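Novice: So here's coords22.cif, just mmCIF, N, CA and C atoms and all ligand atoms:
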data_target
#
loop_
_atom_site.group_PDB
_atom_site.id
_atom_site.type_symbol
_atom_site.label_atom_id
_atom_site.label_comp_id
_atom_site.auth_asym_id
_atom_site.auth_seq_id
_atom_site.Cartn_x
_atom_site.Cartn_y
_atom_site.Cartn_z
ATOM 1 N N MET W 1 6.820 0.213 41.861
ATOM 2 C CA MET W 1 7.379 0.967 40.728
ATOM 3 C C MET W 1 7.958 2.310 41.206
ATOM 4 N N LYS W 2 9.054 2.686 40.667
ATOM 5 C CA LYS W 2 9.645 3.978 40.988
ATOM 6 C C LYS W 2 8.784 5.090 40.377
ATOM 7 N N LYS W 3 8.674 6.194 41.086
ATOM 8 C CA LYS W 3 7.812 7.275 40.613
ATOM 9 C C LYS W 3 8.539 8.171 39.608
ATOM 10 N N ASN W 4 7.756 8.799 38.715
ATOM 11 C CA ASN W 4 8.218 9.811 37.752
ATOM 12 C C ASN W 4 9.189 9.308 36.683
ATOM 13 N N ILE W 5 9.350 8.018 36.534
ATOM 14 C CA ILE W 5 10.203 7.539 35.442
ATOM 15 C C ILE W 5 9.408 6.725 34.420
ATOM 16 N N HIS W 6 8.161 6.391 34.741
ATOM 17 C CA HIS W 6 7.359 5.602 33.831
ATOM 18 C C HIS W 6 6.393 6.483 33.044
ATOM 19 N N PRO W 7 6.282 6.280 31.744
ATOM 20 C CA PRO W 7 5.297 7.034 30.962
ATOM 21 C C PRO W 7 3.880 6.610 31.326
ATOM 22 N N LYS W 8 2.927 7.476 31.018
ATOM 23 C CA LYS W 8 1.533 7.143 31.316
ATOM 24 C C LYS W 8 1.078 5.948 30.481
ATOM 25 N N TYR W 9 0.421 5.019 31.120
ATOM 26 C CA TYR W 9 -0.011 3.803 30.425
ATOM 27 C C TYR W 9 -1.498 3.869 30.098
ATOM 28 N N TYR W 10 -1.821 3.643 28.844
ATOM 29 C CA TYR W 10 -3.230 3.618 28.416
ATOM 30 C C TYR W 10 -3.626 2.163 28.171
ATOM 31 N N PRO W 11 -4.388 1.578 29.067
ATOM 32 C CA PRO W 11 -4.753 0.162 28.895
ATOM 33 C C PRO W 11 -5.699 -0.066 27.726
ATOM 34 N N LYS W 12 -6.382 0.995 27.278
ATOM 35 C CA LYS W 12 -7.306 0.844 26.156
ATOM 36 C C LYS W 12 -6.967 1.827 25.043
ATOM 37 N N ALA W 13 -5.738 1.787 24.578
ATOM 38 C CA ALA W 13 -5.327 2.653 23.477
ATOM 39 C C ALA W 13 -5.905 2.129 22.173
ATOM 40 N N GLU W 14 -6.282 3.062 21.304
ATOM 41 C CA GLU W 14 -6.901 2.658 20.048
ATOM 42 C C GLU W 14 -5.856 2.637 18.933
ATOM 43 N N ALA W 15 -5.635 1.463 18.362
ATOM 44 C CA ALA W 15 -4.702 1.333 17.251
ATOM 45 C C ALA W 15 -5.491 1.289 15.946
ATOM 46 N N THR W 16 -5.081 2.138 14.994
ATOM 47 C CA THR W 16 -5.760 2.181 13.693
ATOM 48 C C THR W 16 -4.793 1.750 12.606
ATOM 49 N N CYS W 17 -5.243 0.818 11.768
ATOM 50 C CA CYS W 17 -4.408 0.341 10.674
ATOM 51 C C CYS W 17 -4.782 1.071 9.385
ATOM 52 N N THR W 18 -3.852 1.093 8.419
ATOM 53 C CA THR W 18 -4.139 1.731 7.138
ATOM 54 C C THR W 18 -5.201 0.962 6.354
ATOM 55 N N CYS W 19 -5.424 -0.311 6.708
ATOM 56 C CA CYS W 19 -6.452 -1.090 6.020
ATOM 57 C C CYS W 19 -7.845 -0.750 6.562
ATOM 58 N N GLY W 20 -7.904 0.011 7.648
ATOM 59 C CA GLY W 20 -9.189 0.432 8.184
ATOM 60 C C GLY W 20 -9.570 -0.269 9.473
ATOM 61 N N ALA W 21 -8.833 -1.302 9.830
ATOM 62 C CA ALA W 21 -9.162 -2.045 11.044
ATOM 63 C C ALA W 21 -8.708 -1.281 12.283
ATOM 64 N N THR W 22 -9.503 -1.354 13.334
ATOM 65 C CA THR W 22 -9.100 -0.748 14.602
ATOM 66 C C THR W 22 -9.175 -1.807 15.691
ATOM 67 N N PHE W 23 -8.289 -1.705 16.641
ATOM 68 C CA PHE W 23 -8.328 -2.631 17.764
ATOM 69 C C PHE W 23 -7.761 -1.960 19.012
ATOM 70 N N ILE W 24 -8.094 -2.511 20.140
ATOM 71 C CA ILE W 24 -7.691 -1.931 21.423
ATOM 72 C C ILE W 24 -6.463 -2.670 21.957
ATOM 73 N N VAL W 25 -5.457 -1.895 22.320
ATOM 74 C CA VAL W 25 -4.249 -2.484 22.905
ATOM 75 C C VAL W 25 -3.819 -1.638 24.099
ATOM 76 N N GLY W 26 -2.924 -2.176 24.887
ATOM 77 C CA GLY W 26 -2.328 -1.400 25.956
ATOM 78 C C GLY W 26 -1.085 -0.717 25.442
ATOM 79 N N ALA W 27 -0.958 0.601 25.678
ATOM 80 C CA ALA W 27 0.182 1.325 25.137
ATOM 81 C C ALA W 27 0.444 2.584 25.948
ATOM 82 N N THR W 28 1.543 3.232 25.624
ATOM 83 C CA THR W 28 1.868 4.482 26.309
ATOM 84 C C THR W 28 1.353 5.700 25.548
ATOM 85 N N LYS W 29 0.666 5.461 24.450
ATOM 86 C CA LYS W 29 0.029 6.551 23.706
ATOM 87 C C LYS W 29 -1.449 6.238 23.572
ATOM 88 N N PRO W 30 -2.314 7.253 23.636
ATOM 89 C CA PRO W 30 -3.760 6.980 23.555
ATOM 90 C C PRO W 30 -4.207 6.522 22.174
ATOM 91 N N LYS W 31 -3.465 6.950 21.118
ATOM 92 C CA LYS W 31 -3.832 6.532 19.761
ATOM 93 C C LYS W 31 -2.585 6.119 18.995
ATOM 94 N N ILE W 32 -2.683 5.015 18.267
ATOM 95 C CA ILE W 32 -1.549 4.513 17.499
ATOM 96 C C ILE W 32 -2.006 4.292 16.062
ATOM 97 N N GLU W 33 -1.155 4.679 15.100
ATOM 98 C CA GLU W 33 -1.433 4.372 13.698
ATOM 99 C C GLU W 33 -0.399 3.372 13.208
ATOM 100 N N VAL W 34 -0.877 2.269 12.645
ATOM 101 C CA VAL W 34 0.031 1.237 12.139
ATOM 102 C C VAL W 34 -0.214 1.014 10.651
ATOM 103 N N GLU W 35 0.805 0.496 9.971
ATOM 104 C CA GLU W 35 0.684 0.249 8.532
ATOM 105 C C GLU W 35 0.172 -1.152 8.246
ATOM 106 N N VAL W 36 0.481 -2.076 9.147
ATOM 107 C CA VAL W 36 0.088 -3.466 8.930
ATOM 108 C C VAL W 36 -0.482 -4.021 10.225
ATOM 109 N N CYS W 37 -1.560 -4.784 10.121
ATOM 110 C CA CYS W 37 -2.101 -5.445 11.301
ATOM 111 C C CYS W 37 -2.391 -6.903 10.960
ATOM 112 N N SER W 38 -2.911 -7.617 11.928
ATOM 113 C CA SER W 38 -3.144 -9.051 11.713
ATOM 114 C C SER W 38 -4.263 -9.305 10.703
ATOM 115 N N LYS W 39 -5.045 -8.272 10.372
ATOM 116 C CA LYS W 39 -6.138 -8.472 9.418
ATOM 117 C C LYS W 39 -5.700 -8.271 7.972
ATOM 118 N N CYS W 40 -4.579 -7.607 7.786
ATOM 119 C CA CYS W 40 -4.159 -7.347 6.406
ATOM 120 C C CYS W 40 -2.747 -7.855 6.108
ATOM 121 N N HIS W 41 -2.036 -8.341 7.099
ATOM 122 C CA HIS W 41 -0.685 -8.843 6.834
ATOM 123 C C HIS W 41 -0.756 -10.174 6.061
ATOM 124 N N PRO W 42 0.065 -10.338 5.016
ATOM 125 C CA PRO W 42 0.017 -11.551 4.176
ATOM 126 C C PRO W 42 0.169 -12.846 4.964
ATOM 127 N N LEU W 43 0.941 -12.802 6.040
ATOM 128 C CA LEU W 43 1.122 -14.010 6.848
ATOM 129 C C LEU W 43 -0.217 -14.521 7.373
ATOM 130 N N TYR W 44 -1.091 -13.606 7.725
ATOM 131 C CA TYR W 44 -2.381 -13.995 8.300
ATOM 132 C C TYR W 44 -3.447 -14.188 7.234
ATOM 133 N N THR W 45 -3.377 -13.383 6.179
ATOM 134 C CA THR W 45 -4.410 -13.485 5.142
ATOM 135 C C THR W 45 -4.111 -14.616 4.163
ATOM 136 N N GLY W 46 -2.816 -14.988 4.025
ATOM 137 C CA GLY W 46 -2.438 -16.050 3.105
ATOM 138 C C GLY W 46 -2.246 -15.584 1.685
ATOM 139 N N SER W 47 -2.537 -14.332 1.402
ATOM 140 C CA SER W 47 -2.349 -13.826 0.050
ATOM 141 C C SER W 47 -0.904 -13.376 -0.125
ATOM 142 N N LYS W 48 -0.479 -13.271 -1.389
ATOM 143 C CA LYS W 48 0.902 -12.891 -1.658
ATOM 144 C C LYS W 48 0.978 -11.465 -2.182
ATOM 145 N N LYS W 49 0.175 -10.606 -1.636
ATOM 146 C CA LYS W 49 0.195 -9.224 -2.128
ATOM 147 C C LYS W 49 1.383 -8.477 -1.535
ATOM 148 N N ILE W 50 1.762 -7.404 -2.212
ATOM 149 C CA ILE W 50 2.862 -6.569 -1.743
ATOM 150 C C ILE W 50 2.283 -5.503 -0.820
ATOM 151 N N ILE W 51 2.852 -5.407 0.358
ATOM 152 C CA ILE W 51 2.406 -4.365 1.290
ATOM 153 C C ILE W 51 3.024 -3.048 0.869
ATOM 154 N N ASP W 52 2.184 -2.083 0.601
ATOM 155 C CA ASP W 52 2.656 -0.851 0.011
ATOM 156 C C ASP W 52 1.818 0.307 0.527
ATOM 157 N N ALA W 53 2.045 0.669 1.762
ATOM 158 C CA ALA W 53 1.211 1.693 2.393
ATOM 159 C C ALA W 53 1.483 3.082 1.845
ATOM 160 N N ARG W 54 2.721 3.332 1.439
ATOM 161 C CA ARG W 54 3.062 4.692 1.015
ATOM 162 C C ARG W 54 3.331 4.795 -0.479
ATOM 163 N N GLY W 55 2.992 3.770 -1.238
ATOM 164 C CA GLY W 55 3.183 3.841 -2.684
ATOM 165 C C GLY W 55 4.626 3.735 -3.119
ATOM 166 N N GLN W 56 5.466 3.139 -2.276
ATOM 167 C CA GLN W 56 6.884 3.051 -2.600
ATOM 168 C C GLN W 56 7.130 2.141 -3.801
ATOM 169 N N VAL W 57 6.406 1.029 -3.866
ATOM 170 C CA VAL W 57 6.598 0.091 -4.970
ATOM 171 C C VAL W 57 6.205 0.747 -6.290
ATOM 172 N N GLU W 58 5.081 1.470 -6.245
ATOM 173 C CA GLU W 58 4.610 2.155 -7.447
ATOM 174 C C GLU W 58 5.648 3.165 -7.929
ATOM 175 N N LYS W 59 6.189 3.924 -6.976
ATOM 176 C CA LYS W 59 7.203 4.916 -7.316
ATOM 177 C C LYS W 59 8.396 4.257 -7.979
ATOM 178 N N PHE W 60 8.822 3.126 -7.404
ATOM 179 C CA PHE W 60 10.001 2.427 -7.924
ATOM 180 C C PHE W 60 9.744 1.930 -9.344
ATOM 181 N N GLN W 61 8.551 1.369 -9.579
ATOM 182 C CA GLN W 61 8.245 0.862 -10.910
ATOM 183 C C GLN W 61 8.171 1.997 -11.929
ATOM 184 N N LYS W 62 7.651 3.144 -11.499
ATOM 185 C CA LYS W 62 7.610 4.289 -12.399
ATOM 186 C C LYS W 62 9.010 4.732 -12.771
ATOM 187 N N ARG W 63 9.897 4.688 -11.766
ATOM 188 C CA ARG W 63 11.266 5.100 -12.001
ATOM 189 C C ARG W 63 11.947 4.165 -13.007
ATOM 190 N N ILE W 64 11.667 2.872 -12.896
ATOM 191 C CA ILE W 64 12.248 1.908 -13.825
ATOM 192 C C ILE W 64 11.758 2.182 -15.244
ATOM 193 N N GLU W 65 10.452 2.461 -15.368
ATOM 194 C CA GLU W 65 9.902 2.771 -16.688
ATOM 195 C C GLU W 65 10.582 3.994 -17.279
ATOM 196 N N LYS W 66 10.761 5.011 -16.446
ATOM 197 C CA LYS W 66 11.400 6.242 -16.895
ATOM 198 C C LYS W 66 12.799 5.954 -17.418
ATOM 199 N N SER W 67 13.562 5.176 -16.643
ATOM 200 C CA SER W 67 14.946 4.906 -17.016
ATOM 201 C C SER W 67 15.003 4.104 -18.309
ATOM 202 N N LYS W 68 14.027 3.197 -18.500
ATOM 203 C CA LYS W 68 13.993 2.411 -19.738
ATOM 204 C C LYS W 68 13.761 3.315 -20.942
ATOM 205 N N LYS W 69 12.818 4.259 -20.776
ATOM 206 C CA LYS W 69 12.531 5.191 -21.865
ATOM 207 C C LYS W 69 13.762 6.016 -22.200
ATOM 208 N N LEU W 70 14.423 6.502 -21.141
ATOM 209 C CA LEU W 70 15.618 7.318 -21.341
ATOM 210 C C LEU W 70 16.720 6.519 -22.029
ATOM 211 N N GLN W 71 16.859 5.263 -21.595
ATOM 212 C CA GLN W 71 17.916 4.440 -22.176
ATOM 213 C C GLN W 71 17.675 4.188 -23.665
ATOM 214 N N SER W 72 16.409 3.961 -24.022
ATOM 215 C CA SER W 72 16.106 3.736 -25.438
ATOM 216 C C SER W 72 16.380 5.002 -26.248
ATOM 217 N N LYS W 73 16.115 6.156 -25.623
ATOM 218 C CA LYS W 73 16.419 7.429 -26.281
ATOM 219 C C LYS W 73 17.917 7.586 -26.470
ATOM 220 N N ILE W 74 18.635 7.275 -25.404
ATOM 221 C CA ILE W 74 20.086 7.424 -25.420
ATOM 222 C C ILE W 74 20.707 6.485 -26.449
ATOM 223 N N GLN W 75 20.182 5.245 -26.506
ATOM 224 C CA GLN W 75 20.761 4.272 -27.427
ATOM 225 C C GLN W 75 20.624 4.703 -28.880
ATOM 226 N N SER W 76 19.518 5.397 -29.181
ATOM 227 C CA SER W 76 19.332 5.858 -30.555
ATOM 228 C C SER W 76 20.354 6.927 -30.913
ATOM 229 N N LYS W 77 20.776 7.695 -29.906
ATOM 230 C CA LYS W 77 21.765 8.749 -30.156
ATOM 231 C C LYS W 77 23.191 8.262 -29.930
ATOM 232 N N SER W 78 23.316 7.201 -29.136
ATOM 233 C CA SER W 78 24.622 6.827 -28.584
ATOM 234 C C SER W 78 25.666 6.558 -29.662
ATOM 235 N N SER W 79 25.266 5.990 -30.775
ATOM 236 C CA SER W 79 26.244 5.639 -31.799
ATOM 237 C C SER W 79 27.003 6.881 -32.266
ATOM 238 N N LYS W 80 26.296 7.996 -32.398
ATOM 239 C CA LYS W 80 26.956 9.242 -32.801
ATOM 240 C C LYS W 80 27.741 9.843 -31.644
ATOM 241 N N VAL W 81 27.090 9.854 -30.469
ATOM 242 C CA VAL W 81 27.686 10.504 -29.307
ATOM 243 C C VAL W 81 28.936 9.773 -28.839
ATOM 244 N N LYS W 82 28.903 8.445 -28.925
ATOM 245 C CA LYS W 82 30.031 7.641 -28.438
ATOM 246 C C LYS W 82 31.325 8.044 -29.122
ATOM 247 N N ASN W 83 31.260 8.188 -30.435
ATOM 248 C CA ASN W 83 32.460 8.550 -31.184
ATOM 249 C C ASN W 83 32.985 9.912 -30.728
ATOM 250 N N GLN W 84 32.064 10.854 -30.531
ATOM 251 C CA GLN W 84 32.474 12.189 -30.103
ATOM 252 C C GLN W 84 33.101 12.141 -28.716
ATOM 253 N N LYS W 85 32.454 11.360 -27.823
ATOM 254 C CA LYS W 85 32.933 11.287 -26.448
ATOM 255 C C LYS W 85 34.321 10.675 -26.381
ATOM 256 N N GLU W 86 34.520 9.637 -27.157
ATOM 257 C CA GLU W 86 35.823 8.974 -27.159
ATOM 258 C C GLU W 86 36.922 9.923 -27.614
ATOM 259 N N LYS W 87 36.623 10.700 -28.618
ATOM 260 C CA LYS W 87 37.596 11.670 -29.098
ATOM 261 C C LYS W 87 37.902 12.704 -28.017
ATOM 262 N N LYS W 88 36.817 13.185 -27.364
ATOM 263 C CA LYS W 88 36.980 14.216 -26.338
ATOM 264 C C LYS W 88 37.806 13.699 -25.172
ATOM 265 N N SER W 89 37.484 12.481 -24.725
ATOM 266 C CA SER W 89 38.179 11.932 -23.560
ATOM 267 C C SER W 89 39.665 11.753 -23.856
ATOM 268 N N LYS W 90 39.980 11.430 -25.067
ATOM 269 C CA LYS W 90 41.381 11.252 -25.444
ATOM 270 C C LYS W 90 42.117 12.594 -25.392
ATOM 271 N N THR W 91 41.462 13.631 -25.907
ATOM 272 C CA THR W 91 42.119 14.945 -25.918
ATOM 273 C C THR W 91 42.282 15.479 -24.499
ATOM 274 N N THR W 92 41.284 15.268 -23.638
ATOM 275 C CA THR W 92 41.381 15.789 -22.264
ATOM 276 C C THR W 92 42.444 15.039 -21.479
ATOM 277 N N SER W 93 42.565 13.762 -21.714
ATOM 278 C CA SER W 93 43.560 12.986 -20.971
ATOM 279 C C SER W 93 44.984 13.391 -21.362
ATOM 280 N N LYS W 94 45.159 13.823 -22.577
ATOM 281 C CA LYS W 94 46.465 14.257 -23.025
ATOM 282 C C LYS W 94 46.862 15.576 -22.335
ATOM 283 N N LYS W 95 45.872 16.447 -22.165
ATOM 284 C CA LYS W 95 46.143 17.741 -21.521
ATOM 285 C C LYS W 95 46.620 17.565 -20.091
ATOM 286 N N LYS W 96 46.050 16.561 -19.405
ATOM 287 C CA LYS W 96 46.421 16.346 -18.007
ATOM 288 C C LYS W 96 47.808 15.717 -17.983
HETATM 289 ZN ZN ZN C 101 -4.484 -3.828 8.643
#
Could you write out this structure as structure tokens?

Specialist:
Amino acid sequence: MKKNIHPKYYPKAEATCTCGATFIVGATKPKIEVEVCSKCHPLYTGSKKIIDARGQVEKFQKRIEKSKKLQSKIQSKSSKVKNQKEKKSKTTSKKK
């Protein structure tokens, strides 16, 4: 091996998963944090759960709920607002 171009190798690096499992692997870092491992990945467990380490799915669903609420609010007003907007857009387009 050529000298000074290879990173330090840790044959017993400790990998920690977000599910709590730890295992020993060979790596160039002494400690590794992973989001999914063979103990919690659906392929190995057989379950059809959604992997969501950072709450991204939850955030997305909350956002959808928010938009639905807003849309229902808007729809209640829209009948009045639509007429006003149409009038405004017509007047502005004439000015240009
Ligand atoms: Zn895991």

Novice: Show me which residues are within 8 Å of ligand ZN 101 (chain C) counting all atoms listed in the file, and format the list as a CSV table (one decimal) with N, CA and C atoms, in the frame of the given file.

Specialist:
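This is the output file pocket-v9.csv:
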chain,number,residue,atom,x,y,z
W,16,THR,N,-5.1,2.1,15.0
W,16,THR,CA,-5.8,2.2,13.7
W,16,THR,C,-4.8,1.8,12.6
W,17,CYS,N,-5.2,0.8,11.8
W,17,CYS,CA,-4.4,0.3,10.7
W,17,CYS,C,-4.8,1.1,9.4
W,18,THR,N,-3.9,1.1,8.4
W,18,THR,CA,-4.1,1.7,7.1
W,18,THR,C,-5.2,1.0,6.4
W,19,CYS,N,-5.4,-0.3,6.7
W,19,CYS,CA,-6.5,-1.1,6.0
W,19,CYS,C,-7.8,-0.8,6.6
W,20,GLY,N,-7.9,0.0,7.6
W,20,GLY,CA,-9.2,0.4,8.2
W,20,GLY,C,-9.6,-0.3,9.5
W,21,ALA,N,-8.8,-1.3,9.8
W,21,ALA,CA,-9.2,-2.0,11.0
W,21,ALA,C,-8.7,-1.3,12.3
W,22,THR,N,-9.5,-1.4,13.3
W,22,THR,CA,-9.1,-0.7,14.6
W,22,THR,C,-9.2,-1.8,15.7
W,34,VAL,N,-0.9,2.3,12.6
W,34,VAL,CA,0.0,1.2,12.1
W,34,VAL,C,-0.2,1.0,10.7
W,35,GLU,N,0.8,0.5,10.0
W,35,GLU,CA,0.7,0.2,8.5
W,35,GLU,C,0.2,-1.2,8.2
W,36,VAL,N,0.5,-2.1,9.1
W,36,VAL,CA,0.1,-3.5,8.9
W,36,VAL,C,-0.5,-4.0,10.2
W,37,CYS,N,-1.6,-4.8,10.1
W,37,CYS,CA,-2.1,-5.4,11.3
W,37,CYS,C,-2.4,-6.9,11.0
W,38,SER,N,-2.9,-7.6,11.9
W,38,SER,CA,-3.1,-9.1,11.7
W,38,SER,C,-4.3,-9.3,10.7
W,39,LYS,N,-5.0,-8.3,10.4
W,39,LYS,CA,-6.1,-8.5,9.4
W,39,LYS,C,-5.7,-8.3,8.0
W,40,CYS,N,-4.6,-7.6,7.8
W,40,CYS,CA,-4.2,-7.3,6.4
W,40,CYS,C,-2.7,-7.9,6.1
W,41,HIS,N,-2.0,-8.3,7.1
W,41,HIS,CA,-0.7,-8.8,6.8
W,41,HIS,C,-0.8,-10.2,6.1

Novice: Could you tell me how far atom N of His6 (chain W) sits from atom N of Ala27 (chain W), in Å to one decimal place?

Specialist: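 If I compute the distance from atom N of Ala27 (chain W) to atom N of His6 (chain W), I get 14.1 Å.
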
Novice: Find the spatial neighbours of Gly26 (chain W), counting only C-alpha atoms, within a cut-off of 9 Å - ignore same-chain residues fewer than 5 positions away - and output them as a list in words.

Specialist: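 Counting only the stated atoms, we get Tyr9, Tyr10, Pro11, Lys12, Ala13 and Glu14 of chain W.
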
Novice: Can you tell me, as AutoDock Vina command-line options, the centre and edge lengths (Å, one decimal) of the axis-aligned box enclosing all of region 7-24 of chain W's listed atoms after padding each side by 8 Å?

Specialist:
--center_x -1.6 --center_y 2.4 --center_z 18.9 --size_x 31.9 --size_y 26.1 --size_z 41.7

Novice: Between CA of Arg54 (chain W) and CA of Lys66 (chain W), what is the distance in Å, rounded to a tenth?

Specialist: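 Straight-line distance from CA of Arg54 (chain W) to CA of Lys66 (chain W) works out to 19.8 Å.
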
Novice: What does the distance from CA of Phe60 (chain W) to atom N of Gln75 (chain W) come to in Å, to one decimal?

Specialist: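 Interatomic distance, CA of Phe60 (chain W) to atom N of Gln75 (chain W): 21.4 Å.
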